[in-house]
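Student: Attaching a single structure in structure tokens format; questions to follow.
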Amino acid sequence: MDKKRVAVPLVCHGHSRPVVDLFYSPVTPDGFFLISASKDSSPMLRNGETGDWIGTFEGHKGAVWSCCLDTNALRAASGSADFTAKVWDALTGDELHSFEHKHIVRSCAFSVDTRLLLTGGVEKVLRIFDLSRPDAPPREVDKSPGSVRTVAWLHSDQTILSSCTDMGGVRLWDVRSGKIVQTLETKSSVTSAEVSQDGRYITTCDGSMVTFWDANHFGLVKSYNMPCTVESASLEPKYGNKFIVGGEDMWIHVYDFHTGDEIVCNKGHHGPVHCVRFSPGGESYASGSEDGTIRIWQTGPLSHYENEGFTENGSIRKVKVTAEEVSLKVEGFHISDDGKAKGKEEAGKD
């Protein structure tokens, strides 16, 4: 009987409690990086490609719920249950700033220009800290209708996105006026909201639904009902042709963006999956779980050479060739002196 090939991820140990947030930096001259937040109070920085541990940011006195890196991966930020958001030097691990809040900080995000840090949490207040004037009081955006779960920037830092733990919907705030300009309606509270790398889509999770919204006109693009409660989803950044989902069933599902068909199901975690994110080039993706581990998965099965194209309706078409078939094909060719490949029969005529 032919054995089913199983994807083997890179397993990153180090956290002693559940991993609740993951964030990839953009590609920098030094590569790209992955930061993780955990209830163990110690965010960790890793090489985004290999998963190798680089360092741990030490200083929080409570669970860390959120983490992020700035555009150049030179600074990190984290939001914690110790009522602080901290900014760190990502090269040395030193704490640069600690911003006091009056309650748990659930989410934080650097602006694209790296000058500002946005925070939100149980206080129901969105704050914008000017990192060039860290001692100045933050700007407070109009009061959120509920406890803030996620925050993000979009439209070149002109708009803020937020969701709440105790009510449905994603709210979009105009930074200049500080007012809500649009609400994307969802049935349940949104546990994950990601702005795509090209700024075209907002990907949200609520209950068992994964929804894609037009980030510029705020219309509904696609919505898929998953087989279980999901906590996090991420859209492939390069082609936008697939998305990943993690949730209560402990598996990492890969789906076709255009049809909603499942492409791959990766098993390995021993607890619910709290966060999933694609790497900036889309060649791999990471998952963080209640089991305290991070797993980095290759986008394409390692046992196959895959060629992805599109059918007429826009769905993914795959041509799968096993490694054995590839080796046979390679053996069947001979490279002539002029650098051109010839079949064996043709090569024998020379």
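Chain labels A, B, ... are given in the sequence in which chains occur in the structure tokens; within each chain residues are numbered consecutively from 1, and ligands are likewise numbered from 1 in the order shown.
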Write out, as CSV, each residue of region 152-175 of chain A that has an atom at most 7 Å from region 109-125 of chain A, together with the closest pair of atoms and their distance in Å to one decimal, counting only C-alpha atoms, rows going by chain and rising number.
Tutor:
```
residue,atom,partner,partner_atom,distance
A:Ala152,CA,A:Ala109,CA,5.9
A:Trp153,CA,A:Ser111,CA,6.2
A:Ser156,CA,A:Val112,CA,6.8
A:Asp157,CA,A:Ser111,CA,6.0
```
Student: Can you tell me, as JSON, numbers by chain, what residues are no more than 6 Å from region 18-31 of chain A when counting only C-alpha atoms, ignoring any on the same chain fewer than 5 positions away?
Tutor: {"A": [36, 37, 38, 39, 66, 68, 69, 73, 274, 275, 280, 288, 289, 290, 291, 292]}
Student: Calculated over only C-alpha atoms, which of the candidates A:Ser107, A:Trp173, A:Met167, A:Arg277 has the smallest distance to Thr150 (chain A)?
Tutor: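 Residue with the minimum atom-to-atom distance to Thr150 (chain A): A:Ser107.
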Student: Taking the DSSP secondary structure from the backbone, can you list the residues of region 91-236 of chain A that are strand (DSSP E), as a PyMOL selection string?
Tutor: chain A and resi 95-100+105-110+116-121+127-130+139-140+148-154+159-164+168-174+179-195+201-206+209-214+220-225+230-235
Student: Env of Thr229 (chain A): 8 Å cut, atoms = only C-alpha atoms, seq-sep filter 4 positions within chain, self excluded. Answer as a PyMOL selection string.
Tutor: chain A and resi 207-209+247-249
Student: Could the residues in this selection be saved with N, CA and C atoms as a short mmCIF file (atom, residue, chain, number, x, y, z; two decimals), in the first residue's frame?
Tutor:
```cif
data_model
loop_
_atom_site.label_atom_id
_atom_site.label_comp_id
_atom_site.auth_asym_id
_atom_site.auth_seq_id
_atom_site.Cartn_x
_atom_site.Cartn_y
_atom_site.Cartn_z
N GLY A 207 -15.96 33.29 14.46
CA GLY A 207 -16.64 32.00 14.61
C GLY A 207 -16.00 30.97 13.69
N SER A 208 -16.79 30.42 12.77
CA SER A 208 -16.24 29.45 11.81
C SER A 208 -16.08 30.08 10.42
N MET A 209 -16.21 31.40 10.32
CA MET A 209 -16.15 32.08 9.03
C MET A 209 -14.79 32.73 8.78
N GLY A 247 -7.29 26.74 13.93
CA GLY A 247 -8.36 26.89 14.92
C GLY A 247 -8.42 25.74 15.90
N GLU A 248 -9.64 25.45 16.34
CA GLU A 248 -9.85 24.50 17.44
C GLU A 248 -9.46 23.07 17.11
N ASP A 249 -9.48 22.69 15.82
CA ASP A 249 -9.24 21.28 15.49
C ASP A 249 -7.75 20.91 15.49
#
```
Student: So what do you get for CA of Phe32 (chain A) versus CA of Gly48 (chain A), distance-wise?
Tutor: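 A separation of 5.3 Å between them.
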Student: Pick out the closest residue to Val254 (chain A) from this set: A:Ser188, A:Thr299, A:Asn216, A:Ser223. Count only C-alpha atoms.
Tutor: A:Thr299
Student: Need the shell around Ser98 (chain A): protein/DNA/RNA residues with any atom at most 12 Å away, counting only C-alpha atoms. Skip same-chain ones fewer than 5 positions apart. Format as a list of chain:residue names?
Tutor: A:Gly59, A:His60, A:Ala76, A:Ala77, A:Ser78, A:Gly79, A:Ser80, A:Asp82, A:Phe83, A:Thr84, A:Ala85, A:Lys86, A:Val87, A:Trp88, A:Leu117, A:Phe129, A:Leu131, A:Pro134, A:Asp135
Student: Find, counting only C-alpha atoms, the residue in A:Val151, A:Ile252, A:Leu172, A:Val210 that gets nearest to Ala286 (chain A).
Tutor: A:Ile252
Student: Calculate how many Å separate CA of Ala233 (chain A) from CA of Thr56 (chain A), rounding to one decimal.
Tutor: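 CA of Thr56 (chain A) lies 25.6 Å from CA of Ala233 (chain A).
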